[in-house]
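Structure data follow from run-v2.cif (mmCIF, C-alpha atoms):
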```cif
data_data
#
loop_
_atom_site.label_atom_id
_atom_site.label_comp_id
_atom_site.auth_asym_id
_atom_site.auth_seq_id
_atom_site.Cartn_x
_atom_site.Cartn_y
_atom_site.Cartn_z
CA MET T 1 -2.85 22.22 26.71
CA ARG T 2 -0.65 23.09 23.78
CA THR T 3 -1.67 22.52 20.16
CA VAL T 4 -0.01 23.15 16.82
CA ALA T 5 -1.94 24.77 14.00
CA ASN T 6 -0.60 27.53 11.75
CA ARG T 7 -2.05 28.94 8.54
CA ASP T 8 0.63 30.83 6.71
CA SER T 9 2.94 30.60 3.73
CA SER T 10 5.38 28.46 5.73
CA GLU T 11 3.05 25.49 5.20
CA LYS T 12 4.03 25.34 1.53
CA ILE T 13 6.53 22.52 0.92
CA GLY T 14 9.59 23.23 -1.19
CA LEU T 15 10.42 20.94 -4.09
CA ARG T 16 13.57 19.54 -2.48
CA PRO T 17 12.02 18.21 0.76
CA LEU T 18 8.96 17.10 -1.22
CA LEU T 19 11.09 14.93 -3.52
CA ILE T 20 13.31 13.67 -0.71
CA TYR T 21 10.26 12.50 1.22
CA ALA T 22 8.46 11.07 -1.82
CA GLN T 23 11.45 9.11 -3.19
CA ALA T 24 11.42 6.76 -0.19
CA GLN T 25 8.02 5.49 -1.36
CA THR T 26 9.74 4.08 -4.46
CA GLY T 27 11.55 1.38 -2.48
CA LEU T 28 8.52 0.60 -0.32
CA ASN T 29 6.25 0.16 -3.34
CA LEU T 30 8.92 -1.79 -5.21
CA CYS T 31 9.02 -4.39 -2.44
CA VAL T 32 5.29 -4.65 -1.77
CA THR T 33 4.29 -4.81 -5.45
CA LEU T 34 6.82 -7.51 -6.23
CA ILE T 35 5.52 -9.59 -3.33
CA GLY T 36 1.88 -9.02 -4.24
CA LEU T 37 2.35 -9.98 -7.88
CA HIS T 38 5.05 -12.63 -7.77
CA LEU T 39 5.60 -14.22 -4.34
CA LEU T 40 2.64 -16.62 -4.47
CA TYR T 41 3.68 -17.61 -7.99
CA PHE T 42 7.30 -18.03 -6.90
CA TYR T 43 6.55 -20.33 -3.97
CA THR T 44 3.92 -22.40 -5.88
CA ASP T 45 4.91 -22.62 -9.55
CA ARG T 46 8.67 -22.28 -8.95
CA ARG T 47 9.20 -24.01 -5.59
CA GLY T 48 6.25 -26.44 -5.61
CA LEU T 49 4.50 -25.34 -2.40
CA SER T 50 0.76 -26.09 -2.53
CA PRO T 51 -1.42 -22.99 -3.07
CA SER T 52 -3.32 -23.65 0.16
CA LEU T 53 -0.08 -23.79 2.20
CA ALA T 54 1.25 -20.70 0.45
CA GLY T 55 -1.97 -18.82 1.22
CA LEU T 56 -1.74 -19.98 4.84
CA ALA T 57 1.87 -18.74 5.02
CA PHE T 58 0.79 -15.29 3.87
CA PHE T 59 -2.06 -15.28 6.38
CA LEU T 60 0.01 -16.36 9.40
CA ALA T 61 2.85 -13.93 8.77
CA LEU T 62 0.54 -10.99 8.12
CA VAL T 63 -1.73 -11.63 11.11
CA LEU T 64 1.16 -12.19 13.51
CA ASP T 65 2.84 -9.02 12.32
CA ALA T 66 -0.34 -6.92 12.31
CA THR T 67 -1.01 -7.48 16.02
CA THR T 68 1.87 -5.17 17.01
CA ASP T 69 1.21 -2.38 14.48
CA PRO T 70 -0.68 -0.10 16.92
CA LEU T 71 2.07 -0.56 19.53
CA VAL T 72 4.81 0.42 17.06
CA GLY T 73 2.80 3.51 16.06
CA ASN T 74 2.36 4.52 19.70
CA ILE T 75 6.08 4.03 20.37
CA SER T 76 6.87 6.34 17.43
CA ASP T 77 4.54 9.01 18.83
CA ARG T 78 6.16 8.83 22.27
CA ALA T 79 9.79 8.50 21.13
CA ARG T 80 12.36 11.13 22.10
CA PHE T 81 15.60 11.21 20.10
CA LYS T 82 17.92 14.12 19.38
CA SER T 83 17.33 13.66 15.65
CA GLY T 84 13.52 13.48 16.02
CA ARG T 85 10.83 11.02 16.93
CA ARG T 86 10.32 9.58 13.41
CA ARG T 87 13.57 9.54 11.43
CA PRO T 88 15.66 7.24 13.71
CA PHE T 89 13.23 4.42 12.93
CA PHE T 90 14.18 4.70 9.24
CA PHE T 91 17.24 2.56 10.03
CA ALA T 92 14.91 -0.45 10.31
CA ALA T 93 14.97 -0.47 6.50
CA ILE T 94 18.43 -2.12 6.67
CA PRO T 95 17.35 -5.38 8.40
CA MET T 96 14.22 -5.24 6.26
CA ALA T 97 16.41 -5.37 3.16
CA VAL T 98 18.30 -8.42 4.48
CA CYS T 99 15.07 -10.30 5.30
CA TYR T 100 13.63 -9.41 1.90
CA TYR T 101 16.61 -10.96 0.14
CA LEU T 102 16.37 -14.14 2.23
CA LEU T 103 12.62 -14.42 1.58
CA LEU T 104 13.34 -14.61 -2.16
CA SER T 105 16.37 -16.90 -1.71
CA PRO T 106 15.24 -20.16 -0.03
CA PRO T 107 17.91 -22.89 -0.35
CA ALA T 108 17.41 -25.03 -3.45
CA ALA T 109 17.48 -28.24 -1.41
CA LEU T 110 14.84 -27.01 1.05
CA ARG T 111 11.62 -29.03 0.77
CA ALA T 112 9.97 -29.91 4.08
CA GLY T 113 11.05 -26.63 5.68
CA LEU T 114 9.96 -24.40 2.79
CA PHE T 115 6.72 -23.41 4.51
CA VAL T 116 8.59 -22.46 7.71
CA TRP T 117 11.17 -20.45 5.72
CA PHE T 118 8.37 -18.61 3.93
CA VAL T 119 6.47 -17.75 7.12
CA GLY T 120 9.59 -16.89 9.13
CA PHE T 121 11.33 -14.51 6.75
CA TYR T 122 8.09 -12.97 5.52
CA PHE T 123 7.17 -12.21 9.14
CA LEU T 124 10.61 -10.74 9.92
CA MET T 125 10.54 -8.65 6.75
CA LEU T 126 7.08 -7.33 7.60
CA THR T 127 8.08 -6.49 11.16
CA THR T 128 11.17 -4.50 10.20
CA ARG T 129 9.28 -2.83 7.37
CA LYS T 130 6.57 -1.82 9.83
CA ILE T 131 9.04 -0.08 12.12
CA TYR T 132 10.36 1.95 9.19
CA GLU T 133 7.12 2.57 7.28
CA THR T 134 5.01 3.54 10.30
CA ALA T 135 7.45 6.32 11.18
CA TYR T 136 7.78 7.34 7.52
CA SER T 137 4.02 7.62 7.03
CA ALA T 138 3.57 9.42 10.38
CA LEU T 139 6.00 12.09 9.22
CA MET T 140 3.80 13.18 6.29
CA PRO T 141 1.09 15.05 8.27
CA GLU T 142 3.84 16.90 10.12
CA LEU T 143 5.51 18.18 6.96
CA THR T 144 2.56 20.47 6.19
CA LEU T 145 -0.74 21.31 7.89
CA ASP T 146 -2.31 22.71 4.71
CA TYR T 147 -5.28 20.80 3.23
CA ASP T 148 -4.26 21.27 -0.42
CA GLU T 149 -0.50 21.00 0.11
CA ARG T 150 -1.14 17.54 1.53
CA THR T 151 -2.85 16.59 -1.72
CA ARG T 152 0.20 17.85 -3.63
CA LEU T 153 2.56 15.92 -1.34
CA SER T 154 0.51 12.72 -1.60
CA THR T 155 0.45 13.08 -5.40
CA PHE T 156 4.25 13.27 -5.63
CA ARG T 157 4.54 10.45 -3.08
CA MET T 158 2.28 8.25 -5.19
CA LEU T 159 4.01 9.28 -8.44
CA LEU T 160 7.40 8.11 -7.19
CA GLY T 161 5.70 5.13 -5.58
CA THR T 162 4.42 4.20 -9.03
CA VAL T 163 8.04 4.05 -10.22
CA GLY T 164 8.50 1.39 -7.55
CA ASP T 165 5.28 -0.35 -8.59
CA ILE T 166 6.42 -0.53 -12.21
CA SER T 167 9.82 -1.87 -11.17
CA GLY T 168 8.33 -4.42 -8.78
CA ALA T 169 5.91 -5.64 -11.41
CA LEU T 170 8.40 -5.98 -14.28
CA LEU T 171 11.72 -6.69 -12.58
CA PRO T 172 11.14 -10.46 -12.14
CA PHE T 173 10.31 -10.77 -15.84
CA ALA T 174 13.50 -8.92 -16.77
CA ALA T 175 15.57 -10.96 -14.30
CA SER T 176 14.17 -14.21 -15.71
CA TYR T 177 15.24 -13.10 -19.18
CA LEU T 178 18.72 -11.94 -18.14
CA PHE T 179 19.67 -14.54 -15.52
CA ALA T 180 19.42 -18.27 -15.06
CA ARG T 181 16.31 -19.74 -13.49
CA GLY T 182 17.04 -20.11 -9.80
CA THR T 183 19.18 -16.99 -9.53
CA ASP T 184 16.70 -14.50 -11.03
CA PHE T 185 14.65 -14.05 -7.86
CA LYS T 186 17.79 -13.89 -5.69
CA ILE T 187 19.15 -11.02 -7.77
CA THR T 188 15.75 -9.36 -7.69
CA GLY T 189 15.63 -9.61 -3.89
CA ALA T 190 19.10 -8.10 -3.52
CA PHE T 191 18.23 -5.19 -5.81
CA CYS T 192 14.99 -4.46 -3.95
CA GLY T 193 16.80 -4.49 -0.62
CA LEU T 194 19.37 -1.97 -1.81
CA VAL T 195 16.69 0.38 -3.17
CA VAL T 196 14.50 0.37 -0.05
CA ALA T 197 17.42 0.79 2.36
CA GLY T 198 19.02 3.49 0.18
CA GLY T 199 15.77 5.44 -0.03
CA ALA T 200 15.37 5.33 3.74
CA MET T 201 18.88 6.68 4.30
CA VAL T 202 18.34 9.52 1.82
CA ALA T 203 15.12 10.47 3.65
CA TYR T 204 16.85 10.28 7.03
CA ALA T 205 19.67 12.58 5.89
CA GLY T 206 17.57 15.02 3.88
CA LEU T 207 14.50 15.65 6.06
CA ARG T 208 14.04 17.55 9.30
CA GLU T 209 11.26 17.22 11.86
CA ARG T 210 9.29 19.92 13.65
CA PRO T 211 10.47 19.97 17.26
CA GLU T 212 7.19 21.48 18.49
CA PHE T 213 5.30 18.27 17.75
CA SER T 214 7.51 16.31 20.13
CA MET T 215 6.53 18.71 22.92
CA LEU T 216 2.81 17.92 22.75
CA ALA T 217 1.12 15.58 25.23
CA HIS T 218 1.11 11.93 24.16
CA ALA T 219 -1.26 9.12 25.10
CA ARG T 220 -0.67 5.58 26.17
CA LEU T 221 -1.64 2.84 23.74
CA TRP T 222 -5.11 2.16 25.11
CA GLU T 223 -5.93 5.87 25.26
CA SER T 224 -4.86 6.21 21.62
CA ILE T 225 -7.05 3.30 20.55
CA LYS T 226 -10.08 4.79 22.32
CA SER T 227 -9.57 8.20 20.73
CA MET T 228 -9.17 6.63 17.27
CA ALA T 229 -12.37 4.60 17.73
CA GLY T 230 -14.17 7.87 18.45
CA ASN T 231 -12.73 9.63 15.39
CA ARG T 232 -15.61 9.24 12.92
CA PRO T 233 -13.78 10.48 9.80
CA PHE T 234 -10.89 8.12 10.54
CA VAL T 235 -13.17 5.09 11.06
CA ILE T 236 -14.92 5.78 7.74
CA LEU T 237 -11.60 6.23 5.94
CA LEU T 238 -10.18 3.09 7.55
CA ILE T 239 -13.08 0.87 6.50
CA ALA T 240 -13.14 2.27 2.96
CA THR T 241 -9.37 1.87 2.60
CA THR T 242 -9.43 -1.69 3.94
CA LEU T 243 -12.12 -2.68 1.45
CA ALA T 244 -10.22 -1.00 -1.40
CA VAL T 245 -7.05 -2.91 -0.49
CA MET T 246 -8.94 -6.21 -0.51
CA ALA T 247 -10.39 -5.37 -3.93
CA ILE T 248 -6.98 -4.42 -5.35
CA ASN T 249 -5.27 -7.49 -3.94
CA VAL T 250 -7.52 -10.02 -5.69
CA PRO T 251 -6.43 -9.26 -9.29
CA THR T 252 -2.90 -8.46 -8.10
CA VAL T 253 -2.45 -12.01 -6.83
CA LEU T 254 -4.24 -13.70 -9.72
CA ILE T 255 -2.86 -11.83 -12.75
CA ARG T 256 0.08 -14.17 -13.45
CA PHE T 257 -2.18 -17.21 -13.12
CA LEU T 258 -4.78 -15.60 -15.38
CA ALA T 259 -2.20 -14.88 -18.08
CA LYS T 260 -0.83 -18.42 -18.00
CA TYR T 261 -4.00 -20.47 -17.62
CA TRP T 262 -6.80 -18.34 -19.16
CA TYR T 263 -4.93 -16.33 -21.78
CA HIS T 264 -2.39 -19.16 -22.34
CA ASP T 265 0.56 -16.78 -22.53
CA GLU T 266 2.52 -16.36 -19.30
CA ASN T 267 4.39 -13.33 -20.67
CA ALA T 268 1.09 -11.51 -21.27
CA ALA T 269 1.09 -10.54 -17.60
CA ALA T 270 4.14 -8.34 -18.19
CA ARG T 271 2.47 -6.62 -21.17
CA TRP T 272 -0.75 -6.08 -19.22
CA LEU T 273 1.22 -4.56 -16.37
CA ILE T 274 3.01 -2.19 -18.75
CA ALA T 275 -0.39 -0.99 -19.98
CA TYR T 276 -1.64 -0.72 -16.39
CA PHE T 277 1.28 1.42 -15.28
CA ALA T 278 1.17 3.53 -18.44
CA GLY T 279 -2.36 4.44 -17.40
CA SER T 280 -1.15 5.10 -13.86
CA VAL T 281 1.66 7.45 -14.85
CA VAL T 282 -0.48 9.68 -17.08
CA SER T 283 -3.26 9.89 -14.48
CA TYR T 284 -1.47 12.02 -11.87
CA PRO T 285 -2.25 15.49 -13.28
CA PHE T 286 -5.90 14.47 -13.63
CA TRP T 287 -6.30 13.18 -10.08
CA LEU T 288 -4.42 16.12 -8.58
CA ARG T 289 -6.63 18.62 -10.39
CA ILE T 290 -9.90 16.83 -9.79
CA THR T 291 -9.14 16.33 -6.10
CA LEU T 292 -8.32 20.01 -5.68
CA ARG T 293 -11.40 20.98 -7.69
CA ILE T 294 -14.15 18.73 -6.29
CA GLU T 295 -12.43 17.79 -2.98
CA LYS T 296 -11.32 14.49 -1.56
CA LYS T 297 -14.56 12.62 -0.86
CA PRO T 298 -16.07 12.97 -4.37
CA ALA T 299 -12.67 12.24 -5.95
CA PHE T 300 -12.24 9.05 -3.90
CA VAL T 301 -15.76 7.84 -4.76
CA VAL T 302 -15.20 8.57 -8.47
CA ALA T 303 -11.93 6.63 -8.40
CA ILE T 304 -13.52 3.66 -6.62
CA VAL T 305 -16.49 3.50 -9.01
CA CYS T 306 -14.15 3.67 -12.02
CA ASN T 307 -12.19 0.73 -10.62
CA ALA T 308 -15.40 -1.25 -10.14
CA ILE T 309 -16.44 -0.53 -13.73
CA GLY T 310 -13.02 -1.63 -14.97
CA SER T 311 -13.30 -4.91 -13.08
CA LEU T 312 -16.79 -5.63 -14.46
CA LEU T 313 -15.71 -4.85 -18.03
CA PHE T 314 -13.22 -7.70 -17.78
CA MET T 315 -16.18 -10.09 -18.06
CA LEU T 316 -16.63 -8.84 -21.64
CA MET T 317 -13.05 -9.73 -22.58
CA THR T 318 -11.86 -12.91 -24.29
CA PRO T 319 -8.34 -14.14 -25.10
CA HIS T 320 -8.92 -12.75 -28.59
CA THR T 321 -9.68 -9.16 -27.54
CA VAL T 322 -6.01 -8.31 -27.32
CA TRP T 323 -6.21 -4.52 -27.61
CA GLY T 324 -9.34 -4.44 -25.51
CA LEU T 325 -7.37 -6.05 -22.69
CA TYR T 326 -4.55 -3.51 -23.02
CA LEU T 327 -6.97 -0.57 -22.98
CA LEU T 328 -8.84 -2.01 -20.02
CA MET T 329 -5.61 -2.49 -18.07
CA ALA T 330 -4.61 1.10 -18.84
CA PHE T 331 -8.01 2.34 -17.66
CA THR T 332 -7.69 0.30 -14.46
CA GLY T 333 -4.23 1.73 -13.79
CA PHE T 334 -5.53 5.24 -14.45
CA SER T 335 -8.39 4.72 -11.97
CA ALA T 336 -6.33 3.09 -9.22
CA ILE T 337 -4.14 6.14 -8.64
CA GLY T 338 -7.16 8.20 -7.67
CA ILE T 339 -7.74 5.96 -4.66
CA TRP T 340 -4.28 6.50 -3.21
CA VAL T 341 -3.86 10.20 -3.98
CA THR T 342 -7.03 10.94 -2.00
CA GLN T 343 -6.44 8.31 0.69
CA TYR T 344 -2.96 9.52 1.67
CA SER T 345 -4.15 13.13 1.76
CA ALA T 346 -7.31 12.39 3.76
CA ALA T 347 -5.33 10.25 6.22
CA ALA T 348 -3.37 13.37 7.15
CA ASP T 349 -6.51 15.47 7.72
CA VAL T 350 -8.03 13.16 10.33
CA ILE T 351 -5.08 13.98 12.62
CA GLU T 352 -6.39 17.51 13.23
CA TRP T 353 -9.86 16.14 13.97
CA ASP T 354 -8.28 14.09 16.75
CA GLU T 355 -6.00 16.90 17.92
CA GLU T 356 -8.94 19.25 18.39
CA ARG T 357 -10.64 16.74 20.69
CA THR T 358 -7.64 15.34 22.58
CA GLY T 359 -4.89 17.97 22.35
CA ARG T 360 -2.53 15.31 21.02
CA ARG T 361 -0.99 14.52 17.63
CA GLN T 362 -0.95 10.77 17.16
CA GLU T 363 0.22 10.23 13.58
CA GLY T 364 2.13 7.08 14.54
CA ALA T 365 -0.82 5.48 16.33
CA TYR T 366 -3.14 6.23 13.41
CA GLY T 367 -0.59 4.87 10.96
CA GLY T 368 -0.22 1.71 13.06
CA ILE T 369 -3.96 1.01 13.12
CA THR T 370 -4.21 1.67 9.38
CA SER T 371 -1.27 -0.64 8.71
CA MET T 372 -2.82 -3.38 10.85
CA SER T 373 -6.13 -3.11 9.04
CA ILE T 374 -4.49 -3.24 5.61
CA LYS T 375 -2.41 -6.27 6.56
CA LEU T 376 -5.46 -8.11 7.87
CA ALA T 377 -7.28 -7.33 4.62
CA VAL T 378 -4.37 -8.71 2.60
CA ALA T 379 -4.10 -11.71 4.94
CA VAL T 380 -7.75 -12.65 4.47
CA SER T 381 -7.57 -12.28 0.69
CA MET T 382 -4.35 -14.33 0.54
CA LEU T 383 -5.81 -17.03 2.81
CA LEU T 384 -8.75 -17.31 0.42
CA ALA T 385 -6.59 -17.14 -2.74
CA GLY T 386 -5.08 -20.59 -2.22
CA PRO T 387 -8.39 -22.48 -1.77
CA VAL T 388 -9.94 -20.47 -4.63
CA LEU T 389 -7.11 -21.49 -6.96
CA SER T 390 -7.58 -25.12 -5.90
CA TRP T 391 -11.34 -24.76 -6.37
CA VAL T 392 -11.02 -23.53 -9.96
CA GLY T 393 -8.81 -26.53 -10.73
CA TYR T 394 -5.29 -25.16 -10.44
CA THR T 395 -2.42 -27.57 -9.73
CA PRO T 396 1.16 -26.17 -9.63
CA GLY T 397 2.84 -26.71 -12.99
CA ALA T 398 -0.11 -28.52 -14.61
CA SER T 399 -2.59 -27.27 -17.22
CA ILE T 400 -6.21 -26.56 -16.30
CA SER T 401 -9.48 -26.97 -18.21
CA PRO T 402 -11.09 -24.13 -20.22
CA HIS T 403 -13.98 -24.12 -17.72
CA ALA T 404 -11.52 -23.63 -14.85
CA GLY T 405 -9.93 -20.77 -16.78
CA GLU T 406 -13.32 -19.06 -17.09
CA ASN T 407 -13.91 -19.52 -13.37
CA LEU T 408 -10.56 -17.88 -12.74
CA ARG T 409 -11.57 -14.92 -14.90
CA ALA T 410 -14.89 -14.56 -13.05
CA VAL T 411 -13.12 -14.40 -9.69
CA PHE T 412 -10.60 -11.90 -11.15
CA ALA T 413 -13.44 -9.60 -12.27
CA LEU T 414 -16.49 -9.98 -10.03
CA ALA T 415 -14.90 -10.26 -6.59
CA PRO T 416 -13.05 -6.91 -6.69
CA ALA T 417 -15.98 -5.10 -8.35
CA SER T 418 -18.35 -5.95 -5.51
CA ILE T 419 -15.79 -4.93 -2.85
CA TYR T 420 -15.04 -1.64 -4.61
CA LEU T 421 -18.71 -0.69 -4.55
CA MET T 422 -18.90 -1.38 -0.81
CA SER T 423 -15.89 0.88 -0.30
CA ALA T 424 -17.51 3.73 -2.26
CA LEU T 425 -20.71 3.40 -0.22
CA VAL T 426 -18.77 3.63 3.05
CA PHE T 427 -16.67 6.64 2.04
CA SER T 428 -19.73 8.57 0.89
CA ARG T 429 -20.24 9.32 4.62
CA TYR T 430 -16.81 10.99 5.05
CA PRO T 431 -17.41 14.42 6.66
CA ILE T 432 -14.18 16.47 6.30
CA THR T 433 -14.16 19.15 3.59
CA ARG T 434 -11.72 21.91 2.74
CA GLU T 435 -13.77 24.46 4.68
CA SER T 436 -14.33 22.25 7.72
CA HIS T 437 -10.63 21.46 7.86
CA ARG T 438 -9.70 25.15 7.72
CA ALA T 439 -12.20 25.85 10.49
CA MET T 440 -10.59 23.11 12.60
CA ARG T 441 -7.16 24.63 12.14
CA ASP T 442 -8.49 28.08 13.01
CA ARG T 443 -9.96 26.77 16.25
CA LEU T 444 -6.70 24.99 17.10
CA ALA T 445 -4.72 28.17 16.39
CA ALA T 446 -7.06 30.23 18.58
CA ARG T 447 -6.74 27.70 21.40
CA SER T 448 -2.94 27.86 21.33
CA ALA T 449 -2.78 31.67 21.04
#
```
In structure tokens, how does this file's structure come out?
Amino acid sequence: MRTVANRDSSEKIGLRPLLIYAQAQTGLNLCVTLIGLHLLYFYTDRRGLSPSLAGLAFFLALVLDATTDPLVGNISDRARFKSGRRRPFFFAAIPMAVCYYLLLSPPAALRAGLFVWFVGFYFLMLTTRKIYETAYSALMPELTLDYDERTRLSTFRMLLGTVGDISGALLPFAASYLFARGTDFKITGAFCGLVVAGGAMVAYAGLRERPEFSMLAHARLWESIKSMAGNRPFVILLIATTLAVMAINVPTVLIRFLAKYWYHDENAAARWLIAYFAGSVVSYPFWLRITLRIEKKPAFVVAIVCNAIGSLLFMLMTPHTVWGLYLLMAFTGFSAIGIWVTQYSAAADVIEWDEERTGRRQEGAYGGITSMSIKLAVAVSMLLAGPVLSWVGYTPGASISPHAGENLRAVFALAPASIYLMSALVFSRYPITRESHRAMRDRLAARSA
């Protein structure tokens, strides 16, 4: 049974392919951050859909889409194209861009069918995105087999992804200032579609795949699922990542509501996000160095605990602690990057754990299961967001009581803090280290010799 595992200087990634791969994350993050921060607000405050129906729309689209994620990953693993088994799927970014524009452009006269429009185009956008993103993510472990090079690659990927995060967070505010109400989100949707599709085409043209990976044995879907269930490091990473996503999604969804109804300044959300991303941008050298120095498990746990502390500190804030809020947002942004730098890098390492036991490389299948789990986490948090907003006293377009505003702040702070701590506890059991990963690669190399 043939395996692939080499330890030599060829595993170092040049700057050009590194940047070509990483730049595609800009468009992906642009689209997902804009949806996470603004779509619930758009369909409730702007279009008048009830928060419970909007939360249900998120839930239905995400759950329906998530059910096919493992299948799409398995198809990517088993694909055989002249140009590779991953890159041809990048063309799915084009229909994704079209669906993204339509999601943010419901007809002005649409009332009774608004819920159906929301669910339909959100589902189609997610499905086409999945086809592209699963193959894109599966390509990363194949670009280098080196433990530390993967940390470097994930750092650059997250750095350029943060450019997309910043754009997705602030673009609707800029569009609302520059364009008439009603056209601002349409223009935003068109811009996002062009960026994500353009990034995919640059990656398709500029990257090359390793042909030897396509020659390895590949499993059917059920065999892949069984091998993933038996991959202990992957299961630990999956649970910890899913919990972290749930924790991150709570304040992401609520920040615009918090600014408007607790802080009583809707534009404060934009300023908070600027502080958050300022903290994110300056954090990359720190998280790269600390991850290389103390390894991935301790770095992930440190990042998670810092995020939990940041969430709890929000309970000490008031609308009058202006600079305290800015500093806290910057600290939260600084801490959040540590989660994703280590997560992306660790997600590549679990592939060799599986390869040693099965003789197969199943990056697509692992990416599909991870994507499904993340979507289900977001779906549950979005399903709960609508009823929680109704519970605290929110009505679209109407003011709420000071007590309801304090309840909103408590949910914003306490819910993510508790979930972060659960994630840290789970990941503390992660077993792969630098030395154990090198030993795995040595055994794989000896087997193939």
When you draw a straight line from atom CA of T:Val253 to atom CA of T:Phe42, how long is it in Å?
11.5 Å
Please list, as a ChimeraX atom specification, the residues that have an atom at most 12 Å away from (19.5, 7.0, 2.3) in the coordinates of this file, counting only C-alpha atoms.
/T:20-21,23-24,27,87,90-94,194-207
Evaluating the PyMOL selection byres ((chain T and resi 75-84) around 7) on the displayed file yields which residues, as a ChimeraX atom specification?
/T:71-74,85-88,135,209,218,362-365
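Relative to atom CA of T:Phe59, atom CA of T:Ala379 is found at 4.4 Å.
Shown here are all protein and nucleic acid residues lying within 10 Å of (-15.9, 7.4, 5.3), with all atoms listed in the file considered: Arg232, Pro233, Phe234, Val235, Ile236, Leu237, Leu238, Ile239, Ala240, Thr241, Lys297, Ser423, Ala424, Leu425, Val426, Phe427, Ser428, Arg429, Tyr430, Pro431 and Ile432 of chain T.
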Name every residue that the PyMOL selection byres ((chain T and resi 333) around 9) selects in this structure, writing the answer as a PyMOL selection string with chains first and numbers rising.
chain T and resi 273+275-281+283+307+328-332+334-337
T:Arg152 surroundings by only C-alpha atoms, 9 Å radius, close-in-sequence under 3 positions cut, as a short mmCIF file (atom, residue, chain, number, x, y, z; two decimals) with C-alpha atoms, in the coordinates of the input:
```
data_model
loop_
_atom_site.label_atom_id
_atom_site.label_comp_id
_atom_site.auth_asym_id
_atom_site.auth_seq_id
_atom_site.Cartn_x
_atom_site.Cartn_y
_atom_site.Cartn_z
CA ASP T 148 -4.26 21.27 -0.42
CA GLU T 149 -0.50 21.00 0.11
CA THR T 155 0.45 13.08 -5.40
CA PHE T 156 4.25 13.27 -5.63
CA ARG T 157 4.54 10.45 -3.08
CA LEU T 288 -4.42 16.12 -8.58
CA VAL T 341 -3.86 10.20 -3.98
CA SER T 345 -4.15 13.13 1.76
#
```
Target residues per the PyMOL selection byres ((chain T and resi 47) around 10), formatted as a VMD selection string:
chain T and resid 40 to 46 48 to 50 106 108 110 to 111 114 182 396
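Our summary of the geometry notes that atom CA of T:Asp349 is positioned 27.8 Å from atom CA of T:Ala417.
Candidate residues T:Ser154, T:Thr162, T:Thr68, T:Ser167 were compared for distance to T:Phe123, and the nearest is T:Thr68, using all atoms listed in the file.
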T:Thr433: which residues within 10 Å, counting all atoms listed in the file, same-chain residues fewer than 4 positions away excluded, as JSON, numbers by chain?
{"T": [147, 294, 295, 296, 297, 346, 349, 437, 438, 439]}
Write the selection just made, keeping C-alpha atoms, as a CSV table (one decimal), in the coordinates of the input?
```csv
chain,number,residue,atom,x,y,z
T,147,TYR,CA,-5.3,20.8,3.2
T,294,ILE,CA,-14.2,18.7,-6.3
T,295,GLU,CA,-12.4,17.8,-3.0
T,296,LYS,CA,-11.3,14.5,-1.6
T,297,LYS,CA,-14.6,12.6,-0.9
T,346,ALA,CA,-7.3,12.4,3.8
T,349,ASP,CA,-6.5,15.5,7.7
T,437,HIS,CA,-10.6,21.5,7.9
T,438,ARG,CA,-9.7,25.2,7.7
T,439,ALA,CA,-12.2,25.8,10.5
```
